[in-house]
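Okay, upload_36.txt now, which holds compact mmCIF, C-alpha atoms:
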# COMPACT_ATOMS: atom_id res chain seq x y z
CA MET A 1 0.00 0.00 0.00
CA SER A 2 1.37 3.42 -0.96
CA PRO A 3 1.98 6.04 1.77
CA SER A 4 -0.73 8.32 0.36
CA ARG A 5 -3.25 5.49 0.21
CA GLY A 6 -2.35 4.45 3.77
CA THR A 7 -2.85 8.01 5.00
CA ALA A 8 -6.24 8.23 3.30
CA VAL A 9 -7.38 4.96 4.88
CA ALA A 10 -6.20 6.09 8.32
CA ILE A 11 -8.12 9.37 8.00
CA ALA A 12 -11.26 7.54 6.89
CA LEU A 13 -11.03 5.13 9.82
CA LEU A 14 -10.48 7.98 12.29
CA SER A 15 -13.49 9.89 10.92
CA ALA A 16 -15.69 6.81 11.25
CA ALA A 17 -14.54 6.24 14.82
CA LEU A 18 -15.30 9.84 15.75
CA ALA A 19 -18.76 9.60 14.20
CA ILE A 20 -19.54 6.38 16.07
CA ALA A 21 -18.34 7.83 19.35
CA GLY A 22 -20.34 11.01 18.83
CA CYS A 23 -17.16 13.06 19.11
CA GLY A 24 -17.54 15.16 16.00
CA LEU A 25 -16.17 18.64 15.76
CA GLY A 26 -19.64 20.24 15.39
CA PRO A 27 -21.97 21.49 18.13
CA GLY A 28 -23.02 17.99 19.14
CA ALA A 29 -26.31 16.13 19.21
CA GLY A 30 -29.63 17.79 19.97
CA VAL A 31 -30.89 17.48 23.54
CA GLY A 32 -34.56 18.39 23.12
CA GLU A 33 -36.81 21.35 23.73
CA VAL A 34 -35.89 24.16 26.13
CA SER A 35 -38.09 27.13 27.06
CA LEU A 36 -36.78 30.63 27.73
CA THR A 37 -38.76 33.27 29.62
CA VAL A 38 -37.55 36.81 30.32
CA THR A 39 -39.46 39.17 32.66
CA ARG A 40 -38.86 42.11 34.94
CA ASP A 41 -39.96 43.15 38.45
CA TYR A 42 -40.57 39.71 39.95
CA GLY A 43 -42.35 38.45 36.84
CA ALA A 44 -44.79 41.35 36.72
CA GLU A 45 -43.88 42.43 33.18
CA PRO A 46 -43.01 40.04 30.33
CA VAL A 47 -40.02 40.89 28.13
CA LEU A 48 -39.89 37.85 25.85
CA ALA A 49 -40.79 34.17 25.73
CA ARG A 50 -39.21 31.59 23.46
CA SER A 51 -39.33 27.83 23.07
CA THR A 52 -36.75 26.05 20.95
CA GLU A 53 -35.59 22.59 19.99
CA GLU A 54 -32.38 23.97 18.49
CA VAL A 55 -30.36 23.12 21.58
CA THR A 56 -27.34 20.85 21.52
CA GLU A 57 -25.23 19.07 24.11
CA SER A 58 -22.61 21.83 23.89
CA ASP A 59 -25.08 24.60 24.77
CA THR A 60 -25.21 26.57 28.00
CA VAL A 61 -27.83 28.92 29.41
CA MET A 62 -25.71 31.87 28.23
CA ARG A 63 -25.36 30.59 24.66
CA LEU A 64 -29.09 30.00 24.37
CA LEU A 65 -29.88 33.46 25.72
CA ASP A 66 -27.37 35.06 23.36
CA ARG A 67 -29.05 33.42 20.35
CA ARG A 68 -32.57 34.39 21.38
CA ALA A 69 -32.13 37.92 22.78
CA GLU A 70 -30.00 41.02 22.52
CA ILE A 71 -27.64 40.88 25.50
CA SER A 72 -24.61 42.56 27.01
CA THR A 73 -22.23 40.85 29.42
CA ARG A 74 -19.57 41.60 32.01
CA TYR A 75 -16.66 39.81 33.66
CA SER A 76 -15.25 38.52 30.35
CA GLY A 77 -18.67 37.42 29.16
CA ASP A 78 -19.46 35.19 32.12
CA PHE A 79 -22.36 37.23 33.56
CA VAL A 80 -25.33 39.02 32.01
CA GLU A 81 -25.30 42.81 32.27
CA GLY A 82 -28.34 43.57 30.10
CA ILE A 83 -31.11 41.92 28.10
CA GLU A 84 -33.08 43.69 25.37
CA GLY A 85 -31.54 47.02 26.38
CA LEU A 86 -32.40 46.74 30.09
CA ASP A 87 -29.14 46.94 32.04
CA ALA A 88 -28.12 46.36 35.64
CA ASP A 89 -28.50 49.52 37.71
CA ARG A 90 -27.69 51.04 41.10
CA ASP A 91 -29.61 54.00 42.52
CA GLY A 92 -30.16 55.35 46.01
CA GLY A 93 -28.89 52.26 47.76
CA ARG A 94 -31.05 49.95 45.63
CA SER A 95 -29.74 47.45 43.09
CA TRP A 96 -31.31 45.90 40.00
CA ASP A 97 -29.80 42.90 38.24
CA TRP A 98 -30.66 40.00 35.98
CA LEU A 99 -31.02 36.72 37.89
CA TYR A 100 -32.07 33.39 36.51
CA TYR A 101 -33.76 30.12 37.47
CA VAL A 102 -33.76 26.71 35.88
CA ASN A 103 -36.86 24.63 36.56
CA GLY A 104 -37.87 27.00 39.34
CA VAL A 105 -34.60 26.71 41.29
CA GLU A 106 -32.04 29.49 41.61
CA ALA A 107 -28.93 28.61 39.63
CA SER A 108 -25.79 27.94 41.66
CA VAL A 109 -23.36 28.71 38.80
CA GLY A 110 -23.02 31.44 36.21
CA ALA A 111 -25.03 31.19 33.01
CA ALA A 112 -21.88 30.54 30.95
CA ASP A 113 -21.20 27.41 33.02
CA TYR A 114 -24.74 25.98 33.22
CA GLU A 115 -24.89 23.17 30.65
CA LEU A 116 -28.25 22.25 29.15
CA ARG A 117 -29.50 18.69 29.02
CA GLY A 118 -32.91 19.24 27.45
CA GLY A 119 -36.36 19.87 28.94
CA GLU A 120 -35.30 22.87 31.03
CA ALA A 121 -37.50 25.87 31.74
CA ILE A 122 -35.14 28.85 31.97
CA TRP A 123 -36.43 32.06 33.53
CA TRP A 124 -34.51 35.34 33.61
CA ASP A 125 -35.92 38.15 35.75
CA TYR A 126 -34.72 41.72 36.21
CA ARG A 127 -35.46 42.79 39.77
CA ASP A 128 -34.53 44.94 42.72
CA TRP A 129 -32.67 42.57 45.04
CA SER A 130 -32.11 45.03 47.88
CA ALA A 131 -34.47 43.16 50.23
CA ALA A 132 -33.56 39.66 49.05
CA LEU A 133 -30.28 38.99 47.30
CA ARG A 134 -31.18 35.32 47.10
CA VAL A 135 -34.54 33.85 46.19
CA PRO A 136 -33.66 30.16 46.27
CA ALA A 137 -36.83 28.80 44.66
CA VAL A 138 -39.92 30.10 42.88
CA VAL A 139 -43.27 28.63 41.81
CA GLY A 140 -43.52 30.28 38.39
CA SER A 141 -42.04 27.49 36.25
CA TRP A 142 -44.81 24.96 37.02
CA PRO A 143 -44.88 22.02 36.27
CA GLN A 144 -41.17 22.24 37.03
CA PRO A 145 -39.31 21.13 39.06
CA PHE A 146 -41.75 18.28 39.63
CA ARG A 147 -41.77 17.00 36.04
CA ASP A 148 -38.04 16.96 35.26
CA GLY A 149 -36.27 17.74 38.53
CA TYR A 150 -33.53 20.33 38.90
CA GLU A 151 -29.76 20.72 38.51
CA GLY A 152 -29.78 18.23 35.67
CA ARG A 153 -31.39 15.32 37.55
CA PRO A 154 -34.95 14.03 37.96
CA ARG A 155 -36.20 14.21 41.55
CA PRO A 156 -39.04 12.48 43.36
CA THR A 157 -41.78 14.46 45.10
CA ALA A 158 -43.08 13.83 48.62
CA VAL A 159 -46.32 15.39 49.89
CA ALA A 160 -46.33 16.03 53.64
CA CYS A 161 -49.92 16.30 54.84
CA LEU A 162 -49.73 18.46 57.98
CA GLY A 163 -53.39 18.75 58.83
CA GLY A 164 -54.30 19.73 55.29
CA GLY A 165 -57.34 17.45 55.09
CA SER A 166 -58.93 17.24 51.65
CA ALA A 167 -56.35 19.71 50.30
CA CYS A 168 -53.70 16.98 50.51
CA ALA A 169 -55.54 14.75 48.03
CA ALA A 170 -56.07 17.73 45.72
CA VAL A 171 -52.35 18.56 45.80
CA ARG A 172 -51.36 14.96 45.08
CA SER A 173 -53.76 14.81 42.14
CA ARG A 174 -52.39 18.01 40.60
CA LEU A 175 -48.81 16.88 41.06
CA GLU A 176 -49.49 13.54 39.40
CA SER A 177 -51.17 15.31 36.48
CA ALA A 178 -48.08 17.52 36.19
CA GLY A 179 -45.83 14.48 35.80
CA ALA A 180 -44.40 14.28 39.32
CA SER A 181 -43.08 10.98 40.65
CA LEU A 182 -44.70 10.76 44.09
CA VAL A 183 -42.91 8.87 46.84
CA ASP A 184 -43.10 8.37 50.57
CA GLY A 185 -42.18 11.42 52.64
CA SER A 186 -39.08 9.76 54.09
CA THR A 187 -37.29 9.53 50.72
CA ASP A 188 -33.95 11.35 50.76
CA GLY A 189 -33.54 14.13 48.23
CA ALA A 190 -37.25 14.44 47.44
CA ILE A 191 -38.85 17.79 46.69
CA ARG A 192 -41.23 18.19 49.61
CA VAL A 193 -44.64 19.81 49.35
CA LEU A 194 -45.98 20.84 52.77
CA VAL A 195 -49.76 21.04 52.93
CA GLY A 196 -51.53 22.35 56.01
CA PRO A 197 -52.33 25.34 58.23
CA TRP A 198 -49.36 27.53 59.06
CA ALA A 199 -49.55 26.58 62.74
CA ARG A 200 -48.45 23.09 61.66
CA VAL A 201 -46.27 23.92 58.65
CA ARG A 202 -44.13 26.41 60.58
CA TRP A 203 -42.54 23.60 62.59
CA ASP A 204 -40.61 22.55 59.50
CA ARG A 205 -37.32 24.42 59.83
CA THR A 206 -37.09 25.18 56.12
CA ALA A 207 -40.63 26.57 56.00
CA ALA A 208 -39.99 28.53 59.20
CA GLN A 209 -37.59 30.76 57.26
CA LEU A 210 -40.65 32.74 56.16
CA GLU A 211 -40.87 34.18 59.66
CA ASP A 212 -37.35 35.61 59.30
CA GLY A 213 -38.22 37.68 56.24
CA PRO A 214 -37.44 37.48 52.51
CA GLN A 215 -33.71 37.92 53.11
CA GLU A 216 -33.75 34.40 54.58
CA SER A 217 -36.52 32.62 52.68
CA GLY A 218 -36.81 34.60 49.45
CA VAL A 219 -40.59 34.65 50.04
CA PHE A 220 -42.32 38.02 50.27
CA ALA A 221 -44.96 36.85 52.71
CA ASP A 222 -45.29 36.13 56.40
CA PHE A 223 -47.77 34.60 58.80
CA GLU A 224 -48.07 36.86 61.82
CA PRO A 225 -49.69 35.90 65.13
CA ARG A 226 -53.21 37.28 65.51
CA SER A 227 -55.56 36.56 68.43
CA GLY A 228 -54.50 32.99 69.07
CA GLY A 229 -53.90 32.17 65.41
CA TYR A 230 -52.11 33.52 62.36
CA ARG A 231 -52.84 35.97 59.57
CA LEU A 232 -51.19 35.99 56.14
CA VAL A 233 -49.35 39.23 55.32
CA GLY A 234 -48.11 40.13 51.85
CA LEU A 235 -44.85 42.09 51.58
CA ASP A 236 -43.70 44.62 49.01
CA GLU A 237 -40.43 44.53 47.05
CA GLY A 238 -38.62 46.23 49.92
CA GLY A 239 -39.78 43.59 52.39
CA GLY A 240 -42.29 45.88 54.13
CA GLU A 241 -45.86 44.94 55.00
CA ALA A 242 -48.16 45.84 52.11
CA ARG A 243 -51.38 43.94 52.78
CA GLU A 244 -52.90 41.87 55.54
CA PHE A 245 -55.17 39.20 54.16
CA GLY A 246 -58.28 37.78 55.80
CA PRO A 247 -58.45 34.53 57.77
CA GLY A 248 -59.46 32.50 54.71
CA ALA A 249 -56.43 33.45 52.60
CA GLY A 250 -53.98 30.89 51.22
CA LEU A 251 -50.37 30.91 50.04
CA VAL A 252 -48.32 28.95 47.52
CA ALA A 253 -44.57 29.58 47.82
CA ALA A 254 -41.25 27.80 47.45
CA THR A 255 -37.98 28.08 49.32
CA ARG A 256 -34.81 26.17 50.02
CA ARG A 257 -32.38 25.82 52.92
CA PHE A 258 -28.68 25.61 52.09
CA GLY A 259 -28.12 22.91 49.46
CA ALA A 260 -31.08 20.73 50.41
CA ALA A 261 -33.97 20.00 48.09
CA PRO A 262 -36.45 22.87 47.67
CA ILE A 263 -39.80 22.75 49.42
CA TRP A 264 -43.16 24.07 48.32
CA ILE A 265 -45.56 25.50 50.87
CA VAL A 266 -49.32 25.15 50.35
CA SER A 267 -50.71 26.81 53.43
CA GLY A 268 -53.10 29.24 55.03
CA ALA A 269 -54.09 30.52 58.45
CA ARG A 270 -57.11 28.20 58.45
CA PRO A 271 -58.15 25.03 56.56
CA ALA A 272 -60.20 27.08 54.09
CA GLY A 273 -57.05 28.95 53.13
CA VAL A 274 -55.15 25.70 52.62
CA ARG A 275 -57.87 24.42 50.29
CA ALA A 276 -57.83 27.70 48.36
CA ALA A 277 -54.05 27.47 47.99
CA ALA A 278 -54.26 23.90 46.72
CA ARG A 279 -56.55 25.05 43.91
CA LEU A 280 -53.79 27.37 42.64
CA LEU A 281 -51.48 24.54 41.60
CA GLY A 282 -51.38 24.94 37.84
CA ALA A 283 -49.77 27.06 35.15
CA ALA A 284 -52.74 29.43 34.88
CA ALA A 285 -52.20 30.81 38.39
CA LEU A 286 -48.49 30.24 38.94
CA HIS A 287 -46.92 31.22 35.59
CA ASP A 288 -44.06 33.71 36.11
CA ARG A 289 -44.85 34.14 39.82
CA TYR A 290 -42.32 34.06 42.62
CA ALA A 291 -45.14 33.22 45.05
CA ILE A 292 -48.88 33.86 45.13
CA ALA A 293 -51.60 34.50 47.69
CA THR A 294 -55.32 33.99 47.24
CA GLU A 295 -58.39 35.26 49.05
CA GLY A 296 -62.01 35.07 48.00
CA GLY A 297 -61.02 33.89 44.53
CA GLU A 298 -58.66 36.83 44.00
CA LYS A 299 -55.05 35.99 43.17
CA THR A 300 -52.29 38.32 44.41
CA PRO A 301 -48.74 37.86 43.08
CA LEU A 302 -45.99 38.31 45.65
CA PRO A 303 -44.18 40.57 46.28
CA ILE A 304 -46.93 43.19 46.12
CA ARG A 305 -45.92 46.06 43.84
What would you get if you wrote out this structure as structure tokens?
Amino acid sequence: MSPSRGTAVAIALLSAALAIAGCGLGPGAGVGEVSLTVTRDYGAEPVLARSTEEVTESDTVMRLLDRRAEISTRYSGDFVEGIEGLDADRDGGRSWDWLYYVNGVEASVGAADYELRGGEAIWWDYRDWSAALRVPAVVGSWPQPFRDGYEGRPRPTAVACLGGGSACAAVRSRLESAGASLVDGSTDGAIRVLVGPWARVRWDRTAAQLEDGPQESGVFADFEPRSGGYRLVGLDEGGGEAREFGPGAGLVAATRRFGAAPIWIVSGARPAGVRAAARLLGAAALHDRYAIATEGGEKTPLPIR
């Protein structure tokens, strides 16, 4: 065999091996559909919404955003400075920035380092973070994280019925319809959904962060003691009291403690409030919401503007 023919054969064999191994020099194989949502002011105002299947195994959150929106970056392109002309800002001791969530969980790495695996719901929001630098989990990406998990892994879901009565069955039914894999409450690493009056739910140490304010829990709501019970209070973007709800009000919120699995809170001061909160579980009520309160059929996004 001549040297040139031998070289040609070697190149052909190498190309075939690379193709079989999936190690081509292109962007890589497709990973499936990914949704991108961009809002401002805690989800109050939409900026853009995109859904795409043009995502490959080499894509990151940053690369996807760059293809779908006009952006500016900082720190050598690792962090987002602006989207669609809306840039980070500082004024009068207040700070506005772009922060993002994947499947309803605050990302733990920069967007340039978050690799996509397919199925993710990515949400960028431009907000004043003066009262809460961290909001570890939100409810606005329903049915995530129950359908596909978070941080690149599927996760089971455990419903903890803490005196929730009929609301517990309603919550389980809605979670199953959303694609959640329900397991026993003792399963390690499960996303927990706590269903019951606040007097019972508050004994969970992760849920109890609500009583320490949004700087701890990321939730702009509190249950304050009132005449032997509790009353739901909605907070504004600065963490101040904006509205006290009636005794029949309910709350759906999410939070997280350290690196543990996030929890969802379906609660109220009284059983009627818990039942009302359970009825909110669905995209129609939760879409692009950090948390939401309900009273008398009225839905109030939190924080209150």
Find the distance between atom CA of A:Val34 and atom CA of A:Thr73 and write it in Å to one decimal.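 Value for the atom CA of A:Val34-atom CA of A:Thr73 distance: 21.8 Å.
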Could you tell me how far atom CA of A:Leu280 lies from atom CA of A:Val252, in Å and to one decimal?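 Between atom CA of A:Leu280 and atom CA of A:Val252 the gap is 7.5 Å.
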Wanna dump the stretch 268-293 of chain A-stretch 165-169 of chain A contacts at 9 Å for me, each residue with its shortest atom pair and the distance in Å to one decimal, counting all atoms listed in the file, ordered by chain and number, as CSV?
residue,atom,partner,partner_atom,distance
A:Pro271,CA,A:Gly165,CA,7.8
A:Val274,CA,A:Ala167,CA,6.5
A:Arg275,CA,A:Ala167,CA,4.9
A:Ala276,CA,A:Ala167,CA,8.4
A:Ala277,CA,A:Ala167,CA,8.4
A:Ala278,CA,A:Ala167,CA,5.9
A:Arg279,CA,A:Ala167,CA,8.3
To one decimal place, how far is atom CA of A:Ser35 from atom CA of A:Pro214 in Å?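 One can read the atom CA of A:Ser35 to atom CA of A:Pro214 distance as 27.5 Å.
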Need to verify the contact set: A:Asp148, 10 Å, all atoms listed in the file, exclusion of same-chain residues closer than 5 positions in sequence. Can you return it as a PyMOL selection string? chain A and resi 103+118-121+143+153-156+179-181
Between A:Leu302, A:Cys161, A:Val135, A:Ile191, single out the one closest to A:Leu251, counting all atoms listed in the file. A:Leu302
